[in-house]
$ cat entry17.cif   # mmCIF, C-alpha atoms and all ligand atoms
data_target
loop_
_atom_site.label_atom_id
_atom_site.label_comp_id
_atom_site.auth_asym_id
_atom_site.auth_seq_id
_atom_site.Cartn_x
_atom_site.Cartn_y
_atom_site.Cartn_z
CA MET A 1 5.45 -31.35 11.98
CA LYS A 2 2.24 -30.20 10.25
CA ILE A 3 0.90 -26.74 11.02
CA PHE A 4 -2.45 -25.31 9.96
CA VAL A 5 -2.59 -21.54 9.45
CA ALA A 6 -5.92 -19.72 9.59
CA ASN A 7 -6.71 -16.14 8.61
CA CYS A 8 -10.39 -15.52 9.26
CA GLY A 9 -12.51 -12.63 8.06
CA SER A 10 -16.12 -12.04 8.98
CA SER A 11 -17.31 -14.29 6.15
CA SER A 12 -14.14 -16.06 5.04
CA ILE A 13 -11.54 -18.58 6.20
CA LYS A 14 -8.22 -18.43 4.38
CA PHE A 15 -6.03 -21.41 5.24
CA GLN A 16 -2.73 -23.11 4.49
CA LEU A 17 -1.46 -26.46 5.69
CA PHE A 18 2.33 -26.61 6.05
CA SER A 19 4.74 -29.47 6.40
CA MET A 20 7.42 -27.79 8.50
CA ALA A 21 10.14 -30.37 7.74
CA ASN A 22 10.82 -28.54 4.48
CA GLU A 23 8.37 -25.64 4.89
CA THR A 24 6.19 -26.75 1.99
CA VAL A 25 2.52 -25.95 1.57
CA LEU A 26 0.60 -29.23 1.41
CA ALA A 27 -2.71 -27.51 0.73
CA LYS A 28 -4.17 -24.03 0.70
CA GLY A 29 -7.45 -22.41 -0.03
CA VAL A 30 -10.33 -20.33 1.17
CA VAL A 31 -13.89 -20.73 2.34
CA GLU A 32 -15.90 -17.76 1.13
CA ARG A 33 -19.36 -16.44 1.94
CA VAL A 34 -19.47 -18.21 5.31
CA GLY A 35 -22.98 -17.74 6.75
CA SER A 36 -24.66 -17.58 3.35
CA PRO A 37 -26.32 -20.37 1.34
CA GLU A 38 -23.71 -19.61 -1.34
CA ALA A 39 -20.76 -20.68 0.85
CA ASN A 40 -17.97 -22.16 -1.22
CA ILE A 41 -14.59 -23.80 -0.67
CA THR A 42 -11.68 -23.67 -3.03
CA LEU A 43 -8.65 -25.76 -2.16
CA GLU A 44 -5.50 -26.69 -4.01
CA THR A 45 -3.01 -29.32 -2.92
CA GLU A 46 0.72 -29.50 -3.44
CA ASN A 47 0.07 -32.30 -5.94
CA GLY A 48 -2.20 -30.14 -8.04
CA LYS A 49 -5.54 -31.54 -6.86
CA MET A 50 -8.27 -28.90 -6.92
CA VAL A 51 -11.53 -28.57 -5.05
CA ASP A 52 -14.10 -25.89 -5.86
CA VAL A 53 -17.50 -26.75 -4.43
CA ARG A 54 -20.50 -25.24 -2.71
CA ILE A 55 -20.61 -26.26 0.95
CA ASP A 56 -22.93 -25.97 3.90
CA ALA A 57 -21.20 -23.40 6.14
CA PRO A 58 -23.72 -21.45 8.22
CA ASP A 59 -20.88 -20.39 10.52
CA HIS A 60 -17.08 -20.55 10.89
CA LYS A 61 -17.24 -23.82 12.85
CA GLU A 62 -18.98 -25.60 9.99
CA GLY A 63 -16.75 -23.88 7.44
CA LEU A 64 -13.59 -25.10 9.16
CA LYS A 65 -15.04 -28.58 9.68
CA ASN A 66 -15.55 -28.72 5.93
CA VAL A 67 -11.93 -27.73 5.31
CA LEU A 68 -10.64 -30.43 7.67
CA ASP A 69 -12.98 -33.04 6.15
CA LYS A 70 -11.54 -32.23 2.74
CA LEU A 71 -7.94 -32.48 3.98
CA VAL A 72 -8.52 -36.00 5.36
CA ASN A 73 -10.63 -37.06 2.38
CA SER A 74 -8.90 -40.07 0.86
CA GLU A 75 -9.29 -38.74 -2.69
CA ILE A 76 -7.47 -35.56 -1.77
CA GLY A 77 -5.02 -37.46 0.36
CA VAL A 78 -3.30 -34.65 2.24
CA LEU A 79 -3.76 -35.98 5.77
CA ALA A 80 -4.48 -39.47 7.15
CA SER A 81 -6.02 -37.89 10.24
CA ILE A 82 -6.62 -34.44 11.71
CA ASP A 83 -4.41 -35.51 14.62
CA GLU A 84 -1.41 -35.04 12.34
CA ILE A 85 -1.89 -31.28 12.77
CA GLU A 86 0.31 -30.37 15.75
CA GLY A 87 -0.42 -26.66 15.87
CA VAL A 88 -2.83 -24.08 14.52
CA GLY A 89 -1.57 -20.54 13.95
CA HIS A 90 -4.15 -17.78 13.82
CA ARG A 91 -3.60 -14.35 12.36
CA VAL A 92 -4.98 -11.96 14.98
CA VAL A 93 -5.09 -8.37 13.89
CA HIS A 94 -4.96 -6.37 17.10
CA GLY A 95 -3.10 -7.15 20.30
CA GLY A 96 -3.10 -3.57 21.56
CA GLU A 97 -0.39 -2.48 24.01
CA ASP A 98 -0.48 -5.55 26.21
CA PRO A 99 3.05 -7.00 26.64
CA ARG A 100 1.63 -10.46 25.84
CA ALA A 101 0.92 -9.14 22.36
CA SER A 102 4.53 -8.21 21.64
CA ASP A 103 5.20 -11.78 20.48
CA SER A 104 3.16 -14.73 19.27
CA ILE A 105 1.55 -16.65 22.12
CA LYS A 106 -0.22 -19.92 22.93
CA ILE A 107 -3.95 -19.28 23.10
CA ASP A 108 -5.74 -19.85 26.40
CA ALA A 109 -8.73 -18.21 28.08
CA ASP A 110 -6.66 -15.15 29.03
CA VAL A 111 -5.46 -14.63 25.46
CA ILE A 112 -9.02 -14.98 24.17
CA ALA A 113 -10.05 -12.32 26.70
CA LEU A 114 -7.22 -10.11 25.39
CA VAL A 115 -8.44 -10.46 21.80
CA GLU A 116 -11.94 -9.56 23.00
CA LYS A 117 -10.64 -6.60 24.99
CA ASN A 118 -9.00 -5.19 21.86
CA THR A 119 -12.14 -5.48 19.76
CA PRO A 120 -12.90 -1.74 20.01
CA LEU A 121 -9.51 -1.14 18.32
CA ALA A 122 -10.25 -3.57 15.47
CA PRO A 123 -14.03 -3.91 15.42
CA LEU A 124 -14.17 -5.77 12.12
CA HIS A 125 -11.12 -8.00 12.44
CA ASN A 126 -10.75 -9.18 16.03
CA PRO A 127 -14.28 -10.68 16.27
CA ALA A 128 -13.69 -12.54 13.00
CA ASN A 129 -10.31 -13.81 14.25
CA LEU A 130 -12.06 -15.02 17.41
CA LEU A 131 -14.62 -16.94 15.36
CA GLY A 132 -11.72 -18.76 13.72
CA ILE A 133 -10.08 -19.50 17.07
CA GLU A 134 -13.33 -20.87 18.48
CA ALA A 135 -13.92 -22.98 15.38
CA ALA A 136 -10.41 -24.45 15.51
CA MET A 137 -10.64 -25.14 19.25
CA ALA A 138 -13.93 -26.95 18.68
CA ALA A 139 -12.55 -29.04 15.81
CA MET A 140 -9.11 -29.70 17.36
CA PRO A 141 -9.59 -29.36 21.13
CA THR A 142 -6.25 -30.89 22.13
CA THR A 143 -4.12 -29.13 19.51
CA THR A 144 -2.00 -26.10 20.46
CA GLN A 145 -3.51 -22.90 19.09
CA VAL A 146 -1.28 -19.87 18.64
CA ALA A 147 -2.12 -16.19 18.17
CA VAL A 148 0.21 -14.31 15.80
CA TRP A 149 -0.53 -10.62 16.17
CA ASP A 150 -0.41 -8.25 13.24
CA THR A 151 0.65 -5.50 15.62
CA ALA A 152 3.46 -7.39 17.42
CA PHE A 153 6.40 -6.37 15.25
CA LEU A 154 5.39 -2.73 15.63
CA SER A 155 5.32 -2.86 19.42
CA THR A 156 8.93 -1.59 19.46
CA LEU A 157 8.05 1.87 18.15
CA PRO A 158 9.44 4.56 20.47
CA GLU A 159 6.96 6.82 22.20
CA LYS A 160 7.79 9.82 20.01
CA ALA A 161 6.70 7.74 17.00
CA TYR A 162 3.59 6.14 18.44
CA GLN A 163 2.07 9.10 20.28
CA TYR A 164 -0.18 11.58 18.51
CA ALA A 165 -0.04 15.22 19.51
CA VAL A 166 -3.55 15.11 20.99
CA PRO A 167 -4.74 15.66 24.57
CA ARG A 168 -2.81 13.20 26.75
CA GLU A 169 -6.04 11.89 28.21
CA TRP A 170 -6.97 10.40 24.82
CA TYR A 171 -4.04 8.02 25.16
CA ASP A 172 -4.35 7.39 28.89
CA LYS A 173 -8.10 6.78 28.92
CA TYR A 174 -8.95 5.69 25.39
CA GLY A 175 -5.75 4.13 24.04
CA VAL A 176 -5.38 6.60 21.16
CA ARG A 177 -1.93 5.94 19.68
CA ARG A 178 -0.24 4.47 16.59
CA TYR A 179 -0.40 0.66 16.71
CA GLY A 180 0.33 -0.20 13.08
CA PHE A 181 -0.62 -3.24 10.99
CA HIS A 182 0.93 -5.68 8.50
CA GLY A 183 3.54 -6.40 11.20
CA THR A 184 3.91 -10.06 10.25
CA SER A 185 4.71 -9.12 6.66
CA HIS A 186 7.22 -6.41 7.66
CA ARG A 187 8.86 -8.88 10.06
CA TYR A 188 9.08 -11.62 7.43
CA VAL A 189 10.73 -9.37 4.84
CA THR A 190 13.08 -7.91 7.45
CA LEU A 191 14.31 -11.41 8.36
CA ARG A 192 14.65 -12.29 4.67
CA ALA A 193 16.49 -9.02 4.03
CA ALA A 194 19.04 -9.93 6.69
CA GLU A 195 19.60 -13.23 4.84
CA VAL A 196 19.84 -11.83 1.32
CA LEU A 197 21.87 -8.77 2.32
CA ASP A 198 24.01 -11.06 4.48
CA LYS A 199 23.96 -8.75 7.49
CA PRO A 200 23.27 -9.48 11.15
CA LEU A 201 19.64 -8.67 11.91
CA ASP A 202 20.52 -6.33 14.76
CA GLU A 203 22.65 -4.22 12.41
CA MET A 204 20.03 -3.86 9.70
CA ASN A 205 18.58 -0.45 8.91
CA ILE A 206 16.00 -0.74 6.15
CA ILE A 207 12.73 0.74 4.93
CA THR A 208 10.14 -1.94 4.16
CA CYS A 209 7.26 -1.04 1.81
CA HIS A 210 4.30 -3.42 1.93
CA LEU A 211 2.27 -2.33 -1.09
CA GLY A 212 -0.89 -4.37 -1.59
CA ASN A 213 -4.52 -3.41 -1.59
CA GLY A 214 -3.73 -2.00 1.84
CA GLY A 215 -0.25 -0.56 2.20
CA SER A 216 2.24 0.52 4.82
CA LEU A 217 5.89 1.45 5.25
CA THR A 218 8.05 0.62 8.25
CA ALA A 219 11.35 2.17 9.27
CA ILE A 220 13.57 -0.56 10.73
CA GLN A 221 16.61 0.27 12.84
CA GLY A 222 18.81 -2.51 14.19
CA GLY A 223 16.23 -5.05 13.00
CA LYS A 224 13.43 -3.40 14.98
CA ALA A 225 10.52 -1.25 13.87
CA VAL A 226 11.01 2.39 14.85
CA ASP A 227 8.27 4.03 12.77
CA HIS A 228 5.36 2.93 10.66
CA SER A 229 2.87 4.62 8.34
CA MET A 230 -0.40 3.06 9.50
CA GLY A 231 -1.79 4.49 12.67
CA MET A 232 -4.36 3.81 15.31
CA THR A 233 -6.36 2.37 12.40
CA PRO A 234 -5.27 1.17 8.96
CA LEU A 235 -6.58 4.42 7.47
CA GLU A 236 -3.42 6.47 7.98
CA GLY A 237 -0.44 6.68 5.67
CA LEU A 238 -0.26 5.69 2.00
CA VAL A 239 -2.86 6.11 -0.70
CA MET A 240 -4.40 2.61 -0.68
CA GLY A 241 -6.88 0.68 -2.83
CA THR A 242 -9.95 2.25 -1.23
CA ARG A 243 -8.50 4.03 1.86
CA CYS A 244 -7.51 7.67 1.79
CA GLY A 245 -4.29 7.47 3.83
CA ASP A 246 -3.09 10.79 5.26
CA ILE A 247 -5.60 13.60 5.06
CA ASP A 248 -6.20 16.76 7.03
CA PRO A 249 -8.51 15.65 9.89
CA GLY A 250 -10.27 18.98 9.41
CA ILE A 251 -11.79 17.53 6.21
CA ILE A 252 -13.90 15.22 8.38
CA PHE A 253 -15.41 18.11 10.35
CA TYR A 254 -15.97 20.09 7.19
CA MET A 255 -17.78 17.23 5.44
CA HIS A 256 -19.82 16.68 8.59
CA SER A 257 -20.84 20.33 8.49
CA GLN A 258 -21.91 19.78 4.88
CA GLY A 259 -24.47 17.21 6.00
CA PHE A 260 -22.55 13.92 5.84
CA SER A 261 -22.98 11.65 8.86
CA VAL A 262 -19.98 10.22 10.69
CA GLU A 263 -20.89 6.79 9.32
CA GLU A 264 -21.00 8.11 5.75
CA ILE A 265 -17.63 9.81 6.11
CA ASP A 266 -16.15 6.67 7.70
CA ALA A 267 -17.44 4.53 4.80
CA ALA A 268 -16.21 7.03 2.20
CA LEU A 269 -12.68 7.28 3.61
CA ASN A 270 -12.34 3.50 4.08
CA LYS A 271 -14.16 2.14 1.05
CA LYS A 272 -14.57 4.83 -1.59
CA ALA A 273 -11.31 6.75 -1.32
CA GLY A 274 -7.70 5.95 -2.24
CA LEU A 275 -7.02 4.76 -5.80
CA LEU A 276 -10.72 4.15 -6.29
CA GLY A 277 -11.67 7.61 -5.10
CA ILE A 278 -9.10 9.46 -7.21
CA SER A 279 -9.65 7.47 -10.39
CA ALA A 280 -13.40 6.93 -9.94
CA GLN A 281 -12.69 3.70 -11.80
CA SER A 282 -10.89 1.01 -9.84
CA ASN A 283 -9.06 0.18 -6.62
CA ASP A 284 -6.77 -2.23 -8.46
CA MET A 285 -3.32 -1.04 -9.49
CA ARG A 286 -3.09 -3.40 -12.45
CA ASP A 287 -6.40 -2.07 -13.84
CA LEU A 288 -5.31 1.50 -13.29
CA LEU A 289 -1.99 1.04 -15.03
CA GLY A 290 -3.87 -0.39 -18.02
CA LYS A 291 -6.35 2.48 -18.04
CA ALA A 292 -3.58 5.05 -17.62
CA ALA A 293 -1.70 3.54 -20.57
CA ALA A 294 -4.92 3.81 -22.58
CA GLY A 295 -5.08 7.52 -21.84
CA SER A 296 -7.18 7.87 -18.69
CA GLU A 297 -6.02 11.00 -16.89
CA SER A 298 -7.74 10.15 -13.62
CA ALA A 299 -6.14 6.67 -13.59
CA GLN A 300 -2.75 8.26 -14.24
CA LEU A 301 -3.32 10.74 -11.42
CA ALA A 302 -4.19 7.90 -9.03
CA VAL A 303 -0.96 6.06 -9.95
CA ASP A 304 1.08 9.27 -9.66
CA MET A 305 -0.38 10.10 -6.24
CA PHE A 306 0.29 6.55 -5.03
CA ILE A 307 3.95 6.78 -6.07
CA TYR A 308 4.33 10.30 -4.67
CA ARG A 309 3.03 9.28 -1.23
CA VAL A 310 5.34 6.25 -1.08
CA VAL A 311 8.29 8.48 -1.96
CA LYS A 312 7.36 11.01 0.73
CA TYR A 313 7.37 8.28 3.37
CA ILE A 314 10.66 6.84 2.14
CA GLY A 315 12.15 10.32 2.38
CA ALA A 316 10.85 10.78 5.91
CA TYR A 317 12.16 7.40 7.07
CA TYR A 318 15.50 7.96 5.33
CA ALA A 319 15.81 11.13 7.40
CA ILE A 320 15.06 9.48 10.76
CA LEU A 321 17.32 6.44 10.29
CA PRO A 322 21.07 6.77 10.95
CA SER A 323 21.75 5.02 7.63
CA VAL A 324 19.75 2.90 5.19
CA ASP A 325 21.03 -0.47 3.91
CA ALA A 326 18.11 -0.94 1.52
CA VAL A 327 14.56 -0.07 0.60
CA VAL A 328 12.48 -3.25 0.27
CA PHE A 329 9.31 -3.67 -1.81
CA THR A 330 6.77 -6.38 -1.06
CA GLY A 331 3.01 -7.07 -1.41
CA GLY A 332 1.06 -7.48 -4.66
CA ILE A 333 2.09 -4.10 -6.07
CA GLY A 334 5.61 -4.13 -4.61
CA GLU A 335 6.28 -7.60 -6.01
CA ASN A 336 4.73 -7.11 -9.44
CA SER A 337 4.09 -3.57 -10.51
CA LEU A 338 7.06 -2.47 -12.60
CA PRO A 339 5.88 1.09 -13.39
CA VAL A 340 5.16 1.82 -9.74
CA ARG A 341 8.59 0.57 -8.66
CA GLU A 342 10.26 2.43 -11.50
CA GLY A 343 8.40 5.62 -10.55
CA VAL A 344 9.45 5.35 -6.91
CA VAL A 345 13.08 4.47 -7.60
CA LYS A 346 13.50 7.27 -10.13
CA MET A 347 12.12 9.79 -7.61
CA ILE A 348 14.52 8.62 -4.91
CA ALA A 349 17.54 8.93 -7.19
CA SER A 350 18.40 11.94 -5.02
CA LEU A 351 18.95 9.48 -2.13
CA GLY A 352 21.34 7.42 -4.24
CA ALA A 353 19.02 4.81 -5.80
CA GLU A 354 19.97 3.89 -9.37
CA LEU A 355 17.36 1.82 -11.20
CA ASP A 356 18.47 -1.21 -13.25
CA GLU A 357 15.66 -1.50 -15.80
CA ASP A 358 16.37 -5.13 -16.72
CA ARG A 359 16.37 -6.16 -13.08
CA ASN A 360 13.12 -4.32 -12.54
CA ILE A 361 11.51 -6.12 -15.49
CA ASN A 362 12.83 -9.52 -14.47
CA THR A 363 12.12 -9.39 -10.73
CA ARG A 364 8.42 -10.17 -10.43
CA GLY A 365 5.91 -12.97 -9.90
CA GLY A 366 7.54 -14.23 -6.72
CA ALA A 367 11.16 -13.44 -7.63
CA CYS A 368 13.51 -11.96 -5.03
CA GLY A 369 16.37 -9.65 -5.91
CA PRO A 370 17.69 -6.11 -6.26
CA ILE A 371 16.18 -3.78 -8.88
CA THR A 372 18.95 -1.20 -8.57
CA ALA A 373 22.30 -1.34 -10.33
CA ASN A 374 25.37 -2.92 -8.74
CA GLY A 375 27.04 -0.17 -6.78
CA SER A 376 23.82 1.83 -6.31
CA LYS A 377 24.38 3.91 -3.17
CA LEU A 378 20.88 3.08 -1.98
CA PRO A 379 19.96 -0.50 -2.98
CA VAL A 380 16.29 -1.26 -3.61
CA TRP A 381 15.16 -4.87 -3.32
CA VAL A 382 12.03 -6.86 -4.07
CA ILE A 383 11.41 -9.49 -1.39
CA PRO A 384 8.14 -11.45 -1.72
CA THR A 385 6.29 -11.61 1.56
CA ASN A 386 4.94 -14.78 3.14
CA GLU A 387 2.83 -13.99 6.19
CA GLU A 388 1.45 -17.52 6.38
CA LEU A 389 4.93 -19.03 6.58
CA MET A 390 5.86 -16.54 9.31
CA ILE A 391 2.73 -17.59 11.24
CA ALA A 392 3.56 -21.27 10.70
CA ARG A 393 7.14 -20.77 11.94
CA ASP A 394 5.96 -18.98 15.08
CA THR A 395 3.42 -21.72 15.70
CA ARG A 396 6.09 -24.40 15.33
CA ARG A 397 8.32 -22.52 17.80
CA ILE A 398 5.54 -22.30 20.37
CA VAL A 399 4.42 -25.90 19.88
CA ALA A 400 8.05 -26.89 20.47
CA GLY A 401 7.97 -24.92 23.72
CA GLY A 402 9.90 -21.85 22.52
P1 LIG B 1 -3.98 -7.61 -0.31
O1 LIG B 1 -3.58 -6.37 0.41
O2 LIG B 1 -5.45 -7.68 -0.55
O3 LIG B 1 -3.34 -8.88 0.19
P2 LIG B 1 -2.19 -7.91 -2.56
O4 LIG B 1 -0.92 -7.88 -1.78
O5 LIG B 1 -2.57 -9.16 -3.25
O6 LIG B 1 -3.42 -7.36 -1.76
O7 LIG B 1 -2.06 -6.75 -3.68
C1 LIG B 1 -3.12 -6.41 -4.51
C2 LIG B 1 -2.64 -5.31 -5.44
O8 LIG B 1 -1.51 -5.80 -6.18
C3 LIG B 1 -3.69 -4.89 -6.47
O9 LIG B 1 -3.71 -3.48 -6.58
C4 LIG B 1 -3.17 -5.52 -7.74
O10 LIG B 1 -3.56 -4.83 -8.88
C5 LIG B 1 -1.70 -5.45 -7.53
N1 LIG B 1 -1.01 -6.35 -8.45
C6 LIG B 1 -0.95 -7.68 -8.43
N2 LIG B 1 -0.29 -8.15 -9.51
C7 LIG B 1 0.06 -7.05 -10.23
C8 LIG B 1 0.76 -6.83 -11.47
N3 LIG B 1 1.22 -7.85 -12.16
N4 LIG B 1 0.94 -5.56 -11.89
C9 LIG B 1 0.46 -4.52 -11.18
N5 LIG B 1 -0.20 -4.65 -10.02
C10 LIG B 1 -0.40 -5.89 -9.57
#
$ encode --input "entry17.cif" --output "structure tokens" --more "lines below"
Ligand code: ADP
Amino acid sequence: MKIFVANCGSSSIKFQLFSMANETVLAKGVVERVGSPEANITLETENGKMVDVRIDAPDHKEGLKNVLDKLVNSEIGVLASIDEIEGVGHRVVHGGEDPRASDSIKIDADVIALVEKNTPLAPLHNPANLLGIEAAMAAMPTTTQVAVWDTAFLSTLPEKAYQYAVPREWYDKYGVRRYGFHGTSHRYVTLRAAEVLDKPLDEMNIITCHLGNGGSLTAIQGGKAVDHSMGMTPLEGLVMGTRCGDIDPGIIFYMHSQGFSVEEIDAALNKKAGLLGISAQSNDMRDLLGKAAAGSESAQLAVDMFIYRVVKYIGAYYAILPSVDAVVFTGGIGENSLPVREGVVKMIASLGAELDEDRNINTRGGACGPITANGSKLPVWVIPTNEELMIARDTRRIVAGG
């Protein structure tokens, strides 16, 4: 069975084509700058064929049509016909509280209406996801389309974890609560953790740390999410590439009183804060580690604050879980950044984590394994995430009627 996975942004279409027989990626790539005369597709096939060309993509429909044309192009030779694609899995960011969004679901008019209804909760993402759904339905009208919600895995949070201590009416009338994000990644690494730790999923208590440009931690008890660091929006929690994470909400009122508009404060906290804000140099951890090593104090402070915030969340989740089988790192930083992992593990030595420096050095670039010593009371693992494969698996399940 061949499954096409789409992750659409407002001006981009990221895609992967899977052969589910052996879960291999036949082709993957991205259309960028959709809607601009500079639109471009880059595509790479399993056999090493590369495409990198300017295309005519005034909208997502044309962008996706271009992708499909390339996949059936005889020179590229990935598909004989588009009909070989039996399912299309779409990453959809926000499913809100609706019970239909607690698991992946076949897309129909009602599901489209649900994505639209949740647009106020994800004003940038949901409309872009819908453009992708519409484009795929136009190009493959008889193919099963599946929504895989970023929020689904976090729908098991108990009320004490998802409510904010704000007037009750804000929740009842306006839906103010913690929803969380990155759920597909946290779910994937939780399932992988059960495999590599050789433990039944429903007995697994772990803390998963998705550390990429955006970042979040999830406390998992009995295989289910019980707390999570992102909130009603992705702004809460860790220090991120350009997002502030946890701050005193009073700062917003204060800055407003100093003459900043709500829009300016919103833009600053989402796009000019985090690692970029602290360092005033870069939002990219690799850059910052380089600059810190070269003596930049502000880059070092950004790295230190990033590590410190991760450790604070691990400590909090350690305290709320009955026991912890492992801490798991994933995402670009979690999978690759040795100094960040070393910094975190050394600070949680008090919880029983004992770093194995060789393992830390050797476990990167897609490798999976522990970075703590054998016998470490609190094991710490690196488990590379694969959200696209998770989406493809869910799509296969739903195409097969599951
Ligand atoms: P996104 O959230 O955009 O998917 P990624 O998961 O790709 O982001 O993570 C991006 C982050 O991972 C960047 O801060 C980048 O610097 C960091 N990263 C990737 N590779 C390395 C590396 N080898 N060393 C340190 N940081 C790395």
$ closest_residue --input "entry17.cif" --among "A:Ile398, A:Leu68, A:Val148, A:Leu288" --to "ligand LIG 1 (chain B)" --atoms "all atoms listed in the file"
A:Leu288
$ residues_around --input "entry17.cif" --residues "Gly95 of chain A" --least-positions-apart "4" --cutoff "12 Å" --atoms "all atoms listed in the file" --output "PyMOL selection string"
chain A and resi 91+99-105+111-122+125-126+129+147-155+179-181+183
$ atom_distance --input "entry17.cif" --atom1 "atom CA of Ile278 of chain A" --atom2 "atom CA of Asn336 of chain A"
21.7 Å
$ residues_near_ligand --input "entry17.cif" --ligand "ligand LIG 1 (chain B)" --cutoff "6 Å" --atoms "all atoms listed in the file" --output "number ranges by chain"
A: 212-214, 284-286, 331-333, 336-337
$ atom_distance --input "entry17.cif" --atom1 "atom CA of Thr190 of chain A" --atom2 "atom CA of Val324 of chain A"
12.9 Å
$ closest_residue --input "entry17.cif" --among "A:Met255, A:Ala316, A:Leu17, A:Val303" --to "Met1 of chain A" --atoms "all atoms listed in the file"
A:Leu17
$ closest_residue --input "entry17.cif" --among "A:Ile252, A:Val310, A:Ile206, A:Leu201" --to "Val239 of chain A" --atoms "all atoms listed in the file"
A:Val310
$ closest_residue --input "entry17.cif" --among "A:Ala161, A:Ile13, A:Ala268, A:Leu43" --to "Val31 of chain A" --atoms "all atoms listed in the file"
A:Ile13
$ atom_distance --input "entry17.cif" --atom1 "atom CA of Ala138 of chain A" --atom2 "atom CA of Asn7 of chain A"
16.4 Å
$ decode --input "entry17.cif" --residues "segment 36-47 of chain A" --atoms "N, CA, C and O atoms" --output "PDB file, in the first residue's frame"
ATOM      1  N   SER A  36       3.814  32.445  -4.746  1.00  0.00           N
ATOM      2  CA  SER A  36       4.737  33.476  -5.233  1.00  0.00           C
ATOM      3  C   SER A  36       5.323  33.016  -6.575  1.00  0.00           C
ATOM      4  O   SER A  36       5.378  31.819  -6.861  1.00  0.00           O
ATOM      5  N   PRO A  37       5.782  33.957  -7.391  1.00  0.00           N
ATOM      6  CA  PRO A  37       6.394  33.569  -8.673  1.00  0.00           C
ATOM      7  C   PRO A  37       7.685  32.767  -8.460  1.00  0.00           C
ATOM      8  O   PRO A  37       8.199  32.159  -9.397  1.00  0.00           O
ATOM      9  N   GLU A  38       8.184  32.785  -7.239  1.00  0.00           N
ATOM     10  CA  GLU A  38       9.435  32.071  -6.932  1.00  0.00           C
ATOM     11  C   GLU A  38       9.196  30.645  -6.441  1.00  0.00           C
ATOM     12  O   GLU A  38      10.116  30.026  -5.896  1.00  0.00           O
ATOM     13  N   ALA A  39       7.968  30.142  -6.584  1.00  0.00           N
ATOM     14  CA  ALA A  39       7.656  28.805  -6.045  1.00  0.00           C
ATOM     15  C   ALA A  39       8.644  27.773  -6.581  1.00  0.00           C
ATOM     16  O   ALA A  39       9.077  27.836  -7.729  1.00  0.00           O
ATOM     17  N   ASN A  40       8.968  26.820  -5.724  1.00  0.00           N
ATOM     18  CA  ASN A  40      10.046  25.882  -6.031  1.00  0.00           C
ATOM     19  C   ASN A  40       9.704  24.512  -5.445  1.00  0.00           C
ATOM     20  O   ASN A  40       9.112  24.431  -4.377  1.00  0.00           O
ATOM     21  N   ILE A  41      10.089  23.451  -6.162  1.00  0.00           N
ATOM     22  CA  ILE A  41       9.926  22.116  -5.575  1.00  0.00           C
ATOM     23  C   ILE A  41      11.293  21.461  -5.448  1.00  0.00           C
ATOM     24  O   ILE A  41      12.113  21.529  -6.364  1.00  0.00           O
ATOM     25  N   THR A  42      11.524  20.870  -4.290  1.00  0.00           N
ATOM     26  CA  THR A  42      12.682  19.986  -4.167  1.00  0.00           C
ATOM     27  C   THR A  42      12.147  18.615  -3.792  1.00  0.00           C
ATOM     28  O   THR A  42      11.229  18.500  -2.971  1.00  0.00           O
ATOM     29  N   LEU A  43      12.672  17.614  -4.435  1.00  0.00           N
ATOM     30  CA  LEU A  43      12.178  16.243  -4.233  1.00  0.00           C
ATOM     31  C   LEU A  43      13.364  15.295  -4.344  1.00  0.00           C
ATOM     32  O   LEU A  43      14.262  15.504  -5.163  1.00  0.00           O
ATOM     33  N   GLU A  44      13.353  14.285  -3.506  1.00  0.00           N
ATOM     34  CA  GLU A  44      14.427  13.290  -3.550  1.00  0.00           C
ATOM     35  C   GLU A  44      13.783  11.921  -3.490  1.00  0.00           C
ATOM     36  O   GLU A  44      12.873  11.702  -2.671  1.00  0.00           O
ATOM     37  N   THR A  45      14.215  11.014  -4.358  1.00  0.00           N
ATOM     38  CA  THR A  45      13.611   9.680  -4.330  1.00  0.00           C
ATOM     39  C   THR A  45      14.515   8.712  -3.566  1.00  0.00           C
ATOM     40  O   THR A  45      15.699   8.988  -3.322  1.00  0.00           O
ATOM     41  N   GLU A  46      13.913   7.579  -3.269  1.00  0.00           N
ATOM     42  CA  GLU A  46      14.650   6.518  -2.564  1.00  0.00           C
ATOM     43  C   GLU A  46      15.906   6.125  -3.356  1.00  0.00           C
ATOM     44  O   GLU A  46      16.919   5.754  -2.777  1.00  0.00           O
ATOM     45  N   ASN A  47      15.809   6.229  -4.691  1.00  0.00           N
ATOM     46  CA  ASN A  47      16.934   5.811  -5.529  1.00  0.00           C
ATOM     47  C   ASN A  47      17.929   6.933  -5.791  1.00  0.00           C
ATOM     48  O   ASN A  47      18.771   6.823  -6.666  1.00  0.00           O
TER      49      ASN A  47
END
